[in-house]
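Here's the structure we're looking at; comments come further down.
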There are 2 protein chains.
Amino acid sequence: MTGSGEAKRSVHHRIADDLRAAIRAGEYHDGDRLPGENEIMKRYGVARVTAREALAVLRNEGLAVSRRGSGVYVRLFAPIRRHGSGRLSRERWGSGRDVWATEVQERRPEVNPITVTRMEVPADIGSTLGIEAGSTVVLRDRRYVVEGRPVQLARSYVPLDLAADTRIEDADTGPGGVYARLDELGHGPVRFRESVRARMPGPEEQTALELPPGTPVIEIVRVAQDEDGRTVEVNVMTLDSSCYVLDYDVSA
Amino acid sequence: MTGSGEAKRSVHHRIADDLRAAIRAGEYHDGDRLPGENEIMKRYGVARVTAREALAVLRNEGLAVSRRGSGVYVRLFAPIRRHGSGRLSRERWGSGRDVWATEVQERRPEVNPITVTRMEVPADIGSTLGIEAGSTVVLRDRRYVVEGRPVQLARSYVPLDLAADTRIEDADTGPGGVYARLDELGHGPVRFRESVRARMPGPEEQTALELPPGTPVIEIVRVAQDEDGRTVEVNVMTLDSSCYVLDYDVSA
DNA sequence: AAGTGGTCTAGACCACTGC
DNA sequence: CAGTGGTCTAGACCACTTA
């Protein structure tokens, strides 16, 4: 079928290979129903656990999702393009539109209840912010939802001496968001560094982002500095990787 | 133990939660041995499959790796920082050092046998390169290895009319690499766009990068343009996400 | 040779979906 | 209510690692 000399590959791997090949060959399309556990048991004459294991391979590759009581389906990938360079430019947030709205456009973006709290700075954030341990920061915690699907978590840390008793401590920071408020305080960010990595989510993130198994997250740590080189905000974002492509422009 | 009101979580999930909590609490460190299948069966009084399933959760989260015949171990994360902005600057490759060497420094980088082939341009690459279907491109295919571990695959596409009969078609492109050669031809790249996404690897990538289960890959598609706006190279990179953090600098 | 993870079978019960 | 995926048990054999 699939290949030629596949010898010692285990049974559930061979079944997974068959299905993967079929998906790649276009025999199944996005959202199509795949053969389920019972079907695989019959077709290949294997035990339930073996059929499950084959499907687990595809789930963990992010190729399939299973819906209890219903079936197993081909997973789709319809990403949001997030433009890294330019999206943080002064014109953007200076114009009173917030960064998020400009990038998802017509896809019905929502922001879930924003919680704003004062807290002692976590060790890793503190060293990045360049402030001493034990200092207080303002944490803005929020979740972005597009078309009913949660796609991103964001935790933004601002030193208390900048944020105290400003709209940065309000759930609604007003037009232009936190960066515009920092600018009004004379600490508008002019330089950013984004550090990007990918990893599998922990169970808390799986819940918060409603991630099916086999979905990595992208973690972006964005550090914002003002004209004087002071770090004025650290923003830790966790993205559903099946929803995003990040674009960065670089010049030589 | 772990929490308070965990009720209907399945047995293998509860076991996984215990182990995860223990790892996070620092009871196990990087590379430490975790309780294996047999140990879990005894400790929790569950069947082998259930113990396996618990360990599978941790593996798929990238927290643990298992070594057949030996045991299950806490996985480590020691990333290479890849500096997106600046690393492509003229000074870097202009100075005759290649990009790769500058970023991994003392970590014994190697490049596996580079294959260079002429081929018909794949559809997706063609549309990105802005050349008509059926055109010929030069494909440079290579694998990077650090400290004996493969960490990155890269496939670089250059239009044939630029690369034909130049050192771009040699395995060794000489000092400064492909970009320096393009520059000598009057097509030195001045603008780059990197598009970044994360996903789970297919089995071919798992093999080529020797990835344990639960390891996502980062896919970077870099498009390089010369002064005239012509796309002179498309480079598709596949990175082991457990080996990389990508840094991008952005200014407002 | 003992221990470990990897694979597989056969049979069972449950919770949920969709008709 | 029938079908589906999710979970679990009990027992078995194999290949590999370690000593």
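Note on naming: chains are A, B, ... as they come in the structure tokens, residues start from 1 per chain, ligands start from 1 in the order shown.
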Fit chain A to chain B: least squares, all C-alpha atoms, paired in order; write the output as a PDB file with C-alpha atoms, in the first residue's frame.
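The new file part_6.pdb reads:
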ATOM      1  CA  MET A   1      -1.859  15.426  48.002  1.00  0.00           C
ATOM      2  CA  THR A   2      -1.798  17.624  44.991  1.00  0.00           C
ATOM      3  CA  GLY A   3      -4.983  19.586  45.305  1.00  0.00           C
ATOM      4  CA  SER A   4      -8.318  19.693  46.964  1.00  0.00           C
ATOM      5  CA  GLY A   5     -11.404  18.930  44.990  1.00  0.00           C
ATOM      6  CA  GLU A   6     -10.227  16.945  41.987  1.00  0.00           C
ATOM      7  CA  ALA A   7     -13.145  14.666  41.398  1.00  0.00           C
ATOM      8  CA  LYS A   8     -13.792  13.010  38.055  1.00  0.00           C
ATOM      9  CA  ARG A   9     -10.306  13.188  36.597  1.00  0.00           C
ATOM     10  CA  SER A  10      -9.338   9.804  35.212  1.00  0.00           C
ATOM     11  CA  VAL A  11      -6.846   7.608  36.999  1.00  0.00           C
ATOM     12  CA  HIS A  12      -4.010   7.998  34.555  1.00  0.00           C
ATOM     13  CA  HIS A  13      -4.528  11.751  34.556  1.00  0.00           C
ATOM     14  CA  ARG A  14      -4.345  11.861  38.315  1.00  0.00           C
ATOM     15  CA  ILE A  15      -1.130   9.889  38.273  1.00  0.00           C
ATOM     16  CA  ALA A  16       0.281  12.221  35.637  1.00  0.00           C
ATOM     17  CA  ASP A  17      -0.762  15.184  37.763  1.00  0.00           C
ATOM     18  CA  ASP A  18       1.114  13.776  40.735  1.00  0.00           C
ATOM     19  CA  LEU A  19       4.284  13.304  38.755  1.00  0.00           C
ATOM     20  CA  ARG A  20       4.014  16.699  37.086  1.00  0.00           C
ATOM     21  CA  ALA A  21       3.548  18.376  40.433  1.00  0.00           C
ATOM     22  CA  ALA A  22       6.558  16.541  41.793  1.00  0.00           C
ATOM     23  CA  ILE A  23       8.675  17.667  38.862  1.00  0.00           C
ATOM     24  CA  ARG A  24       7.534  21.262  39.215  1.00  0.00           C
ATOM     25  CA  ALA A  25       8.151  21.141  42.940  1.00  0.00           C
ATOM     26  CA  GLY A  26      11.728  20.232  42.195  1.00  0.00           C
ATOM     27  CA  GLU A  27      11.553  16.727  43.616  1.00  0.00           C
ATOM     28  CA  TYR A  28      13.040  15.589  40.351  1.00  0.00           C
ATOM     29  CA  HIS A  29      15.628  17.536  38.412  1.00  0.00           C
ATOM     30  CA  ASP A  30      16.689  17.600  34.783  1.00  0.00           C
ATOM     31  CA  GLY A  31      17.705  14.137  33.736  1.00  0.00           C
ATOM     32  CA  ASP A  32      16.557  12.484  36.957  1.00  0.00           C
ATOM     33  CA  ARG A  33      14.934   9.129  36.760  1.00  0.00           C
ATOM     34  CA  LEU A  34      11.185   9.017  37.249  1.00  0.00           C
ATOM     35  CA  PRO A  35       9.096   6.100  38.520  1.00  0.00           C
ATOM     36  CA  GLY A  36       8.616   3.727  35.590  1.00  0.00           C
ATOM     37  CA  GLU A  37       5.737   1.561  34.473  1.00  0.00           C
ATOM     38  CA  ASN A  38       6.353  -1.202  36.973  1.00  0.00           C
ATOM     39  CA  GLU A  39       6.838   1.213  39.851  1.00  0.00           C
ATOM     40  CA  ILE A  40       3.597   3.021  39.027  1.00  0.00           C
ATOM     41  CA  MET A  41       1.695  -0.266  38.740  1.00  0.00           C
ATOM     42  CA  LYS A  42       2.808  -1.211  42.218  1.00  0.00           C
ATOM     43  CA  ARG A  43       2.445   2.195  43.826  1.00  0.00           C
ATOM     44  CA  TYR A  44      -1.013   2.943  42.464  1.00  0.00           C
ATOM     45  CA  GLY A  45      -2.246  -0.591  41.946  1.00  0.00           C
ATOM     46  CA  VAL A  46      -3.131  -0.106  38.311  1.00  0.00           C
ATOM     47  CA  ALA A  47      -2.680  -2.140  35.158  1.00  0.00           C
ATOM     48  CA  ARG A  48       0.309  -1.727  32.915  1.00  0.00           C
ATOM     49  CA  VAL A  49      -1.644   0.109  30.222  1.00  0.00           C
ATOM     50  CA  THR A  50      -2.883   2.654  32.725  1.00  0.00           C
ATOM     51  CA  ALA A  51       0.607   3.325  34.019  1.00  0.00           C
ATOM     52  CA  ARG A  52       1.793   3.688  30.439  1.00  0.00           C
ATOM     53  CA  GLU A  53      -0.969   6.132  29.699  1.00  0.00           C
ATOM     54  CA  ALA A  54       0.027   8.289  32.644  1.00  0.00           C
ATOM     55  CA  LEU A  55       3.609   8.384  31.402  1.00  0.00           C
ATOM     56  CA  ALA A  56       2.371   9.097  27.880  1.00  0.00           C
ATOM     57  CA  VAL A  57       0.743  12.269  29.161  1.00  0.00           C
ATOM     58  CA  LEU A  58       4.068  13.522  30.475  1.00  0.00           C
ATOM     59  CA  ARG A  59       5.918  12.472  27.354  1.00  0.00           C
ATOM     60  CA  ASN A  60       3.431  14.300  25.180  1.00  0.00           C
ATOM     61  CA  GLU A  61       3.871  17.395  27.303  1.00  0.00           C
ATOM     62  CA  GLY A  62       7.570  17.188  26.677  1.00  0.00           C
ATOM     63  CA  LEU A  63       8.273  16.772  30.383  1.00  0.00           C
ATOM     64  CA  ALA A  64       9.647  13.249  30.248  1.00  0.00           C
ATOM     65  CA  VAL A  65      11.513  10.998  27.870  1.00  0.00           C
ATOM     66  CA  SER A  66      11.670   7.252  28.092  1.00  0.00           C
ATOM     67  CA  ARG A  67      14.623   5.096  27.209  1.00  0.00           C
ATOM     68  CA  ARG A  68      13.796   1.541  26.409  1.00  0.00           C
ATOM     69  CA  GLY A  69      15.373  -0.953  28.730  1.00  0.00           C
ATOM     70  CA  SER A  70      16.453   1.804  31.034  1.00  0.00           C
ATOM     71  CA  GLY A  71      13.747   4.018  32.451  1.00  0.00           C
ATOM     72  CA  VAL A  72      11.848   7.266  32.240  1.00  0.00           C
ATOM     73  CA  TYR A  73      13.669  10.525  32.800  1.00  0.00           C
ATOM     74  CA  VAL A  74      12.974  14.210  33.291  1.00  0.00           C
ATOM     75  CA  ARG A  75      13.592  16.065  30.102  1.00  0.00           C
ATOM     76  CA  LEU A  76      15.839  19.110  29.889  1.00  0.00           C
ATOM     77  CA  PHE A  77      15.604  22.369  27.996  1.00  0.00           C
ATOM     78  CA  ALA A  78      18.865  24.086  27.066  1.00  0.00           C
ATOM     79  CA  PRO A  79      18.057  26.279  24.132  1.00  0.00           C
ATOM     80  CA  ILE A  80      20.195  28.052  21.596  1.00  0.00           C
ATOM     81  CA  ARG A  81      19.329  31.727  21.356  1.00  0.00           C
ATOM     82  CA  ARG A  82      18.825  32.554  17.711  1.00  0.00           C
ATOM     83  CA  HIS A  83      18.943  36.252  17.127  1.00  0.00           C
ATOM     84  CA  GLY A  84      16.584  37.068  14.271  1.00  0.00           C
ATOM     85  CA  SER A  85      17.367  40.730  13.784  1.00  0.00           C
ATOM     86  CA  GLY A  86      20.976  41.629  13.255  1.00  0.00           C
ATOM     87  CA  ARG A  87      22.124  38.133  12.467  1.00  0.00           C
ATOM     88  CA  LEU A  88      21.287  38.767   8.852  1.00  0.00           C
ATOM     89  CA  SER A  89      23.061  42.095   8.742  1.00  0.00           C
ATOM     90  CA  ARG A  90      25.613  42.800   6.064  1.00  0.00           C
ATOM     91  CA  GLU A  91      28.454  42.865   8.587  1.00  0.00           C
ATOM     92  CA  ARG A  92      27.780  39.332   9.613  1.00  0.00           C
ATOM     93  CA  TRP A  93      27.873  37.546   6.353  1.00  0.00           C
ATOM     94  CA  GLY A  94      30.006  40.266   4.825  1.00  0.00           C
ATOM     95  CA  SER A  95      32.768  39.406   7.235  1.00  0.00           C
ATOM     96  CA  GLY A  96      33.113  35.920   5.874  1.00  0.00           C
ATOM     97  CA  ARG A  97      31.713  34.093   8.892  1.00  0.00           C
ATOM     98  CA  ASP A  98      28.590  32.179   8.237  1.00  0.00           C
ATOM     99  CA  VAL A  99      25.422  32.942  10.103  1.00  0.00           C
ATOM    100  CA  TRP A 100      25.301  29.643  11.904  1.00  0.00           C
ATOM    101  CA  ALA A 101      28.769  29.790  13.371  1.00  0.00           C
ATOM    102  CA  THR A 102      28.123  33.145  14.958  1.00  0.00           C
ATOM    103  CA  GLU A 103      25.153  31.959  16.869  1.00  0.00           C
ATOM    104  CA  VAL A 104      26.169  28.677  18.408  1.00  0.00           C
ATOM    105  CA  GLN A 105      29.730  29.692  19.126  1.00  0.00           C
ATOM    106  CA  GLU A 106      31.475  27.088  21.231  1.00  0.00           C
ATOM    107  CA  ARG A 107      28.858  24.405  20.907  1.00  0.00           C
ATOM    108  CA  ARG A 108      30.648  22.412  18.222  1.00  0.00           C
ATOM    109  CA  PRO A 109      28.339  23.081  15.288  1.00  0.00           C
ATOM    110  CA  GLU A 110      28.435  20.771  12.288  1.00  0.00           C
ATOM    111  CA  VAL A 111      26.630  20.754   8.992  1.00  0.00           C
ATOM    112  CA  ASN A 112      25.684  17.376   7.632  1.00  0.00           C
ATOM    113  CA  PRO A 113      26.330  16.527   3.995  1.00  0.00           C
ATOM    114  CA  ILE A 114      24.691  19.242   1.953  1.00  0.00           C
ATOM    115  CA  THR A 115      22.809  18.057  -1.069  1.00  0.00           C
ATOM    116  CA  VAL A 116      22.344  20.464  -3.925  1.00  0.00           C
ATOM    117  CA  THR A 117      19.836  19.617  -6.632  1.00  0.00           C
ATOM    118  CA  ARG A 118      18.033  21.285  -9.453  1.00  0.00           C
ATOM    119  CA  MET A 119      14.313  20.685  -9.420  1.00  0.00           C
ATOM    120  CA  GLU A 120      11.022  21.972 -10.652  1.00  0.00           C
ATOM    121  CA  VAL A 121       9.772  24.568  -8.231  1.00  0.00           C
ATOM    122  CA  PRO A 122       7.153  23.301  -5.755  1.00  0.00           C
ATOM    123  CA  ALA A 123       3.853  25.152  -6.028  1.00  0.00           C
ATOM    124  CA  ASP A 124       3.941  26.906  -2.657  1.00  0.00           C
ATOM    125  CA  ILE A 125       7.565  27.960  -3.017  1.00  0.00           C
ATOM    126  CA  GLY A 126       6.964  29.128  -6.567  1.00  0.00           C
ATOM    127  CA  SER A 127       4.217  31.500  -5.586  1.00  0.00           C
ATOM    128  CA  THR A 128       6.400  32.885  -2.825  1.00  0.00           C
ATOM    129  CA  LEU A 129       9.375  33.296  -5.133  1.00  0.00           C
ATOM    130  CA  GLY A 130       7.101  34.941  -7.634  1.00  0.00           C
ATOM    131  CA  ILE A 131       8.154  32.711 -10.498  1.00  0.00           C
ATOM    132  CA  GLU A 132       5.973  30.737 -12.852  1.00  0.00           C
ATOM    133  CA  ALA A 133       5.102  27.103 -12.287  1.00  0.00           C
ATOM    134  CA  GLY A 134       7.426  24.718 -14.055  1.00  0.00           C
ATOM    135  CA  SER A 135      10.493  26.886 -13.536  1.00  0.00           C
ATOM    136  CA  THR A 136      13.638  25.322 -12.210  1.00  0.00           C
ATOM    137  CA  VAL A 137      15.166  26.175  -8.867  1.00  0.00           C
ATOM    138  CA  VAL A 138      18.251  25.085  -7.023  1.00  0.00           C
ATOM    139  CA  LEU A 139      17.498  23.339  -3.742  1.00  0.00           C
ATOM    140  CA  ARG A 140      20.115  23.251  -1.027  1.00  0.00           C
ATOM    141  CA  ASP A 141      19.146  20.714   1.607  1.00  0.00           C
ATOM    142  CA  ARG A 142      21.055  20.414   4.835  1.00  0.00           C
ATOM    143  CA  ARG A 143      20.955  19.503   8.487  1.00  0.00           C
ATOM    144  CA  TYR A 144      22.633  21.231  11.397  1.00  0.00           C
ATOM    145  CA  VAL A 145      24.023  19.300  14.308  1.00  0.00           C
ATOM    146  CA  VAL A 146      25.202  20.699  17.636  1.00  0.00           C
ATOM    147  CA  GLU A 147      26.987  18.596  20.214  1.00  0.00           C
ATOM    148  CA  GLY A 148      26.001  15.505  18.297  1.00  0.00           C
ATOM    149  CA  ARG A 149      22.326  16.439  18.281  1.00  0.00           C
ATOM    150  CA  PRO A 150      20.519  17.377  15.078  1.00  0.00           C
ATOM    151  CA  VAL A 151      18.744  20.643  15.777  1.00  0.00           C
ATOM    152  CA  GLN A 152      17.652  22.056  12.458  1.00  0.00           C
ATOM    153  CA  LEU A 153      16.725  21.116   8.912  1.00  0.00           C
ATOM    154  CA  ALA A 154      16.947  23.727   6.198  1.00  0.00           C
ATOM    155  CA  ARG A 155      15.835  23.715   2.597  1.00  0.00           C
ATOM    156  CA  SER A 156      16.894  26.738   0.629  1.00  0.00           C
ATOM    157  CA  TYR A 157      15.444  27.530  -2.803  1.00  0.00           C
ATOM    158  CA  VAL A 158      17.187  29.873  -5.265  1.00  0.00           C
ATOM    159  CA  PRO A 159      15.941  30.583  -8.806  1.00  0.00           C
ATOM    160  CA  LEU A 160      18.112  28.830 -11.354  1.00  0.00           C
ATOM    161  CA  ASP A 161      18.860  31.959 -13.352  1.00  0.00           C
ATOM    162  CA  LEU A 162      20.676  33.348 -10.332  1.00  0.00           C
ATOM    163  CA  ALA A 163      22.347  30.209  -9.092  1.00  0.00           C
ATOM    164  CA  ALA A 164      23.279  28.435 -12.322  1.00  0.00           C
ATOM    165  CA  ASP A 165      26.958  27.538 -12.498  1.00  0.00           C
ATOM    166  CA  THR A 166      27.923  29.589  -9.466  1.00  0.00           C
ATOM    167  CA  ARG A 167      29.225  28.453  -6.124  1.00  0.00           C
ATOM    168  CA  ILE A 168      25.611  28.483  -4.981  1.00  0.00           C
ATOM    169  CA  GLU A 169      25.448  25.103  -6.675  1.00  0.00           C
ATOM    170  CA  ASP A 170      28.486  23.876  -4.784  1.00  0.00           C
ATOM    171  CA  ALA A 171      28.154  22.124  -1.463  1.00  0.00           C
ATOM    172  CA  ASP A 172      30.662  24.634  -0.130  1.00  0.00           C
ATOM    173  CA  THR A 173      29.533  28.096  -1.151  1.00  0.00           C
ATOM    174  CA  GLY A 174      32.606  29.793   0.263  1.00  0.00           C
ATOM    175  CA  PRO A 175      32.988  32.577   2.815  1.00  0.00           C
ATOM    176  CA  GLY A 176      29.750  34.386   3.625  1.00  0.00           C
ATOM    177  CA  GLY A 177      27.649  31.649   2.111  1.00  0.00           C
ATOM    178  CA  VAL A 178      24.822  31.954  -0.381  1.00  0.00           C
ATOM    179  CA  TYR A 179      24.003  35.551   0.519  1.00  0.00           C
ATOM    180  CA  ALA A 180      27.526  36.728  -0.148  1.00  0.00           C
ATOM    181  CA  ARG A 181      27.480  34.984  -3.550  1.00  0.00           C
ATOM    182  CA  LEU A 182      24.142  36.576  -4.391  1.00  0.00           C
ATOM    183  CA  ASP A 183      25.606  39.935  -3.429  1.00  0.00           C
ATOM    184  CA  GLU A 184      28.512  39.440  -5.816  1.00  0.00           C
ATOM    185  CA  LEU A 185      25.961  38.772  -8.538  1.00  0.00           C
ATOM    186  CA  GLY A 186      24.300  42.096  -7.802  1.00  0.00           C
ATOM    187  CA  HIS A 187      21.378  40.509  -6.002  1.00  0.00           C
ATOM    188  CA  GLY A 188      22.455  40.768  -2.401  1.00  0.00           C
ATOM    189  CA  PRO A 189      19.439  40.413  -0.135  1.00  0.00           C
ATOM    190  CA  VAL A 190      18.525  43.520   1.813  1.00  0.00           C
ATOM    191  CA  ARG A 191      15.107  42.663   3.194  1.00  0.00           C
ATOM    192  CA  PHE A 192      13.942  39.522   4.886  1.00  0.00           C
ATOM    193  CA  ARG A 193      10.661  38.305   6.212  1.00  0.00           C
ATOM    194  CA  GLU A 194      10.499  35.365   8.553  1.00  0.00           C
ATOM    195  CA  SER A 195       7.150  33.634   9.066  1.00  0.00           C
ATOM    196  CA  VAL A 196       7.136  31.500  12.167  1.00  0.00           C
ATOM    197  CA  ARG A 197       4.756  28.792  13.212  1.00  0.00           C
ATOM    198  CA  ALA A 198       4.829  25.793  15.515  1.00  0.00           C
ATOM    199  CA  ARG A 199       3.374  22.369  14.971  1.00  0.00           C
ATOM    200  CA  MET A 200       3.992  18.743  15.742  1.00  0.00           C
ATOM    201  CA  PRO A 201       6.465  16.993  13.452  1.00  0.00           C
ATOM    202  CA  GLY A 202       5.568  14.309  10.977  1.00  0.00           C
ATOM    203  CA  PRO A 203       7.383  10.981  11.258  1.00  0.00           C
ATOM    204  CA  GLU A 204      10.024  11.977   8.691  1.00  0.00           C
ATOM    205  CA  GLU A 205      10.932  15.033  10.734  1.00  0.00           C
ATOM    206  CA  GLN A 206      10.875  13.029  13.933  1.00  0.00           C
ATOM    207  CA  THR A 207      13.458  10.742  12.385  1.00  0.00           C
ATOM    208  CA  ALA A 208      15.639  13.407  10.830  1.00  0.00           C
ATOM    209  CA  LEU A 209      15.777  15.461  14.023  1.00  0.00           C
ATOM    210  CA  GLU A 210      15.748  12.450  16.350  1.00  0.00           C
ATOM    211  CA  LEU A 211      12.860  13.979  18.254  1.00  0.00           C
ATOM    212  CA  PRO A 212      11.365  12.277  21.261  1.00  0.00           C
ATOM    213  CA  PRO A 213       7.562  12.310  21.399  1.00  0.00           C
ATOM    214  CA  GLY A 214       6.047  15.499  22.738  1.00  0.00           C
ATOM    215  CA  THR A 215       8.479  17.775  20.942  1.00  0.00           C
ATOM    216  CA  PRO A 216       6.982  20.393  18.619  1.00  0.00           C
ATOM    217  CA  VAL A 217       8.973  21.856  15.770  1.00  0.00           C
ATOM    218  CA  ILE A 218       9.256  25.496  14.839  1.00  0.00           C
ATOM    219  CA  GLU A 219       8.914  26.148  11.131  1.00  0.00           C
ATOM    220  CA  ILE A 220      10.455  29.325   9.805  1.00  0.00           C
ATOM    221  CA  VAL A 221       9.928  30.385   6.221  1.00  0.00           C
ATOM    222  CA  ARG A 222      12.403  33.106   5.383  1.00  0.00           C
ATOM    223  CA  VAL A 223      11.950  35.126   2.228  1.00  0.00           C
ATOM    224  CA  ALA A 224      14.934  37.206   1.067  1.00  0.00           C
ATOM    225  CA  GLN A 225      14.585  40.120  -1.325  1.00  0.00           C
ATOM    226  CA  ASP A 226      17.195  42.181  -3.127  1.00  0.00           C
ATOM    227  CA  GLU A 227      17.262  45.946  -3.587  1.00  0.00           C
ATOM    228  CA  ASP A 228      14.815  45.777  -6.489  1.00  0.00           C
ATOM    229  CA  GLY A 229      12.276  43.853  -4.470  1.00  0.00           C
ATOM    230  CA  ARG A 230      12.978  40.610  -6.264  1.00  0.00           C
ATOM    231  CA  THR A 231      12.752  37.493  -4.138  1.00  0.00           C
ATOM    232  CA  VAL A 232      16.112  35.799  -4.447  1.00  0.00           C
ATOM    233  CA  GLU A 233      15.791  32.988  -1.927  1.00  0.00           C
ATOM    234  CA  VAL A 234      13.220  31.128   0.118  1.00  0.00           C
ATOM    235  CA  ASN A 235      14.544  29.184   3.057  1.00  0.00           C
ATOM    236  CA  VAL A 236      12.335  26.729   4.917  1.00  0.00           C
ATOM    237  CA  MET A 237      13.774  25.807   8.287  1.00  0.00           C
ATOM    238  CA  THR A 238      12.519  23.190  10.703  1.00  0.00           C
ATOM    239  CA  LEU A 239      13.814  23.541  14.244  1.00  0.00           C
ATOM    240  CA  ASP A 240      13.719  21.253  17.225  1.00  0.00           C
ATOM    241  CA  SER A 241      11.740  23.501  19.561  1.00  0.00           C
ATOM    242  CA  SER A 242      13.506  22.124  22.603  1.00  0.00           C
ATOM    243  CA  CYS A 243      16.762  23.581  21.280  1.00  0.00           C
ATOM    244  CA  TYR A 244      15.742  27.097  20.341  1.00  0.00           C
ATOM    245  CA  VAL A 245      14.587  30.459  21.503  1.00  0.00           C
ATOM    246  CA  LEU A 246      14.135  32.996  18.714  1.00  0.00           C
ATOM    247  CA  ASP A 247      14.848  36.635  19.440  1.00  0.00           C
ATOM    248  CA  TYR A 248      13.443  39.425  17.308  1.00  0.00           C
ATOM    249  CA  ASP A 249      14.134  43.109  17.848  1.00  0.00           C
ATOM    250  CA  VAL A 250      11.510  45.572  16.778  1.00  0.00           C
ATOM    251  CA  SER A 251      11.467  49.339  17.031  1.00  0.00           C
ATOM    252  CA  ALA A 252       8.442  51.577  17.155  1.00  0.00           C
TER     253      ALA A 252
END
Within 7 Å of chain A, which residues belong to chain C? Use only C-alpha atoms (C1' of nucleotides) and report them as a ChimeraX atom specification. /C:9,16-17
From region 53-178 of chain A, collect each residue whose DSSP state is alpha helix (DSSP H) and return the set as a ChimeraX atom specification. /A:53-60,90-94,99-104,123-129,160-163,177-178
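Between C1' of DT7 (chain C) and C1' of DT7 (chain D) the interatomic distance comes to 18.7 Å.
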Could you list, as a list in words, the residues of chain D having an atom within 7 Å of chain B when counting only C-alpha atoms (C1' of nucleotides)? DT9, DC16 and DT17 of chain D
Once you have the residues from the selection above, write them out as a PDB file, in the first residue's frame, restricted to N, CA and C atoms (P, O5', C5', C4', C3', O3' and C1' of nucleotides).
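Result file out-v4.pdb:
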ATOM      1  P    DT D   9      -6.955  -0.277  36.574  1.00  0.00           P
ATOM      2  O5'  DT D   9      -7.392  -1.752  36.164  1.00  0.00           O
ATOM      3  C5'  DT D   9      -8.716  -2.196  36.439  1.00  0.00           C
ATOM      4  C4'  DT D   9      -8.837  -3.655  36.066  1.00  0.00           C
ATOM      5  C3'  DT D   9      -7.618  -4.508  36.431  1.00  0.00           C
ATOM      6  O3'  DT D   9      -8.039  -5.701  37.075  1.00  0.00           O
ATOM      7  C1'  DT D   9      -8.133  -4.747  34.121  1.00  0.00           C
ATOM      8  P    DC D  16      16.131  -4.646  19.741  1.00  0.00           P
ATOM      9  O5'  DC D  16      16.678  -3.821  20.983  1.00  0.00           O
ATOM     10  C5'  DC D  16      15.932  -2.699  21.450  1.00  0.00           C
ATOM     11  C4'  DC D  16      16.285  -2.447  22.899  1.00  0.00           C
ATOM     12  C3'  DC D  16      17.785  -2.358  23.160  1.00  0.00           C
ATOM     13  O3'  DC D  16      18.083  -1.011  23.481  1.00  0.00           O
ATOM     14  C1'  DC D  16      16.624  -3.621  24.832  1.00  0.00           C
ATOM     15  P    DT D  17      19.608  -0.589  23.772  1.00  0.00           P
ATOM     16  O5'  DT D  17      19.685  -0.639  25.365  1.00  0.00           O
ATOM     17  C5'  DT D  17      18.765   0.137  26.131  1.00  0.00           C
ATOM     18  C4'  DT D  17      19.057  -0.071  27.614  1.00  0.00           C
ATOM     19  C3'  DT D  17      20.514   0.138  28.022  1.00  0.00           C
ATOM     20  O3'  DT D  17      20.505   0.978  29.167  1.00  0.00           O
ATOM     21  C1'  DT D  17      19.749  -1.987  28.747  1.00  0.00           C
TER      22       DT D  17
END
Quick one, how far is C1' of DC8 (chain D) from C1' of DA15 (chain C)? 14.4 Å
As a VMD selection string, please: every residue in region 1-239 of chain B that DSSP puts in strand (DSSP E). chain B and resid 33 to 34 64 to 67 71 to 74 80 to 83 109 to 111 115 to 120 136 to 146 149 to 159 189 to 199 217 to 226 231 to 239
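Taking C1' of DA1 (chain C) as the reference point, C1' of DA10 (chain D) is found at 25.4 Å.
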